[in-house]
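**Student:** What follows is a single structure, and I will ask about it in a moment.
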Amino acid sequence: MCVTGRYLYSLLVICVLGLAATSAHTQTYPDKPIKIVVPFPAGGPTDAYARAIAQRLQQAWDQPVLVENRAGGTGLIGTRAVQASVADGHTLLFTSNSAHVVGALARNPMPYDPIKDFTPISMLIRYPMYLVIHPQVPAATIQEFIALAKKKPGQYTYSSVGLGSGTHLACALFGVTAGIDIVHVPYKGASPAQTAVVSGEVKLMCDSVGFSQRLVDAGKLRGVALTGQQRSKAVPDIPTLAEIGLQGVDTYTWLGMFGPAGMPVSIVSKLNHELVRIMALPDLRERVSKEGSDVIADQPLEFVAKIQDESNIWLKIIRGQGVTIE
């Protein structure tokens with residue numbers, strides 16, 4: 001056999017053995033408990049959906065699927081923990097663009113690359129920001145709130161889940177576009193940020209319909225606008241900011257699943273297939289819809305493309321607002 005022939009034969013053997021090993025790995029995966037890290041405190045929308053998905057993964061694979069909350073640093077602590085994990089599919093990250101993309105872009109230097117330093121598996125859920133205010137604010141509509149804020153510059157505050165988060169930048173962008181001076185007050189997670197509005201400690205928050213509407217129904221918050229391109233079926237009476245003439249504030253939050261960089265393609269495919277199946281379940285789809293969100297459940301390459309596209313948008317907002325996380 002000539003040298004070239006031997007090389008090709010060896011290469012073929014290596015490929016066959018590699019495919020066999022990958023196939024065997026896929027067939028046995030998962031062969032131990034799976035941990036899904038949520039880089040936020042328990043009780044928020046990201047945590048709630050992570051637990052719903054974990055329960056269904058556990059039922060499908062007959063392996064324990066545990067959710068671990070690793071909060072801190074606007075998602076940085078939990079995110080870095082997954083980044084440093086073994087890339088065998090048994091440690092996953094369920095996070096939002098608020099933490100994974102915006103939080104990284106707002107730091108200098110960037111602590112990680114949202115795509116290259118992880119394995120994107122699927123964007124699962126997406127929802128617009130829901131502007132809610134304290135019910136004692138003398139404004140029944142978003143237009144009335146803007147008029148009030150213009151009369152009292154710097155006197156109205158808004159909460160967020162952390163400095164440089166999507167909830168921070170969405171409200172900041174709203175303020176700039178509306179021509180009002182509102183003051184940011186960061187909190188450590190969605191629950192304390194929301195509690196601050198309910199108590200009247202701050203007057204405004206850019207939240208999600210699913211997390212806030214129950215409090216709106218109870219009279220503890222007042223919903224006044226959405227940042228999406230169109231109204232939500234969950235709150236059909238709430239206008240979009242575009243409807244009242246504020247263009248360019250159509251920001252969204254998404255929730256998605258990642259793994260550490262270098263996960264085997266076969267395991268990524270298996271995970272993606274199962275996640276897409278879970279998000280198609282009628283009870284989960286109905287829950288997502290009722291909470292004003294949309295099921296996305298895309299493929300890894302589609303997910304990557306969406307992250308790349310929105311990174312450019314968020315970077316412009318971050319630079320325009322002069323936001324930097326130390």
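Just so we're on the same page: first chain in the structure tokens is A, next is B, and so on; residues restart at 1 for each chain, and ligands are numbered from 1 in the order they show up.
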Taking only stretch 47-230 of chain A into account, list the residues labelled helix (DSSP H, G or I) by DSSP (computed from the backbone), as a ChimeraX atom specification.
**Tutor:** /A:47-61,76-83,97-105,142-151,166-178,190-199,209-217
**Student:** At a cut-off of 8 Å, can you tabulate as a tab-separated table every residue of stretch 131-231 of chain A near stretch 313-320 of chain A together with its closest atom pair and the distance in Å to one decimal, using only C-alpha atoms and ordering rows by chain then number?
**Tutor:**
```
residue	atom	partner	partner_atom	distance
A:Gly164	CA	A:Ile318	CA	7.8
A:Leu169	CA	A:Ile317	CA	7.2
A:Leu173	CA	A:Ile317	CA	7.3
```
**Student:** As a CSV table (one decimal) with N, CA and C atoms, in the first residue's frame, please: the residues near stretch 179-184 of chain A (cut-off 7 Å, only C-alpha atoms, same-chain neighbours under 2 positions excluded).
**Tutor:**
```csv
chain,number,residue,atom,x,y,z
A,146,ILE,N,-45.3,59.7,31.0
A,146,ILE,CA,-44.2,60.5,30.4
A,146,ILE,C,-44.4,61.9,30.7
A,149,ALA,N,-43.2,62.6,34.3
A,149,ALA,CA,-41.8,62.5,34.4
A,149,ALA,C,-41.1,63.8,33.8
A,150,LYS,N,-41.7,64.3,32.7
A,150,LYS,CA,-41.1,65.5,32.1
A,150,LYS,C,-41.3,66.7,33.1
A,153,PRO,N,-38.2,66.0,36.4
A,153,PRO,CA,-37.0,65.3,35.9
A,153,PRO,C,-36.1,64.8,37.1
A,154,GLY,N,-35.7,63.5,37.0
A,154,GLY,CA,-34.8,62.9,38.0
A,154,GLY,C,-35.6,62.5,39.3
A,155,GLN,N,-36.9,62.6,39.3
A,155,GLN,CA,-37.6,62.3,40.5
A,155,GLN,C,-38.3,60.9,40.5
A,156,TYR,N,-38.3,60.3,39.3
A,156,TYR,CA,-38.9,59.0,39.1
A,156,TYR,C,-37.8,58.0,38.9
A,157,THR,N,-37.9,56.9,39.7
A,157,THR,CA,-36.9,55.8,39.6
A,157,THR,C,-37.4,54.6,39.0
A,158,TYR,N,-36.5,53.7,38.5
A,158,TYR,CA,-36.9,52.4,38.0
A,158,TYR,C,-36.0,51.4,38.4
A,159,SER,N,-36.5,50.2,38.6
A,159,SER,CA,-35.6,49.1,39.1
A,159,SER,C,-35.2,48.2,38.0
A,175,GLY,N,-36.5,55.8,28.5
A,175,GLY,CA,-36.4,57.1,29.0
A,175,GLY,C,-35.8,58.1,28.0
A,176,VAL,N,-34.7,57.7,27.3
A,176,VAL,CA,-34.0,58.5,26.3
A,176,VAL,C,-35.0,58.8,25.1
A,177,THR,N,-35.7,57.8,24.7
A,177,THR,CA,-36.5,57.9,23.5
A,177,THR,C,-37.7,58.8,23.9
A,186,PRO,N,-30.5,49.5,40.6
A,186,PRO,CA,-30.3,48.1,40.3
A,186,PRO,C,-30.6,47.2,41.6
```
**Student:** Considering only C-alpha atoms, state which residue in the set A:Phe145, A:Tyr29, A:Tyr130, A:Phe40 is at the smallest distance from A:Ser269.
**Tutor:** A:Tyr29
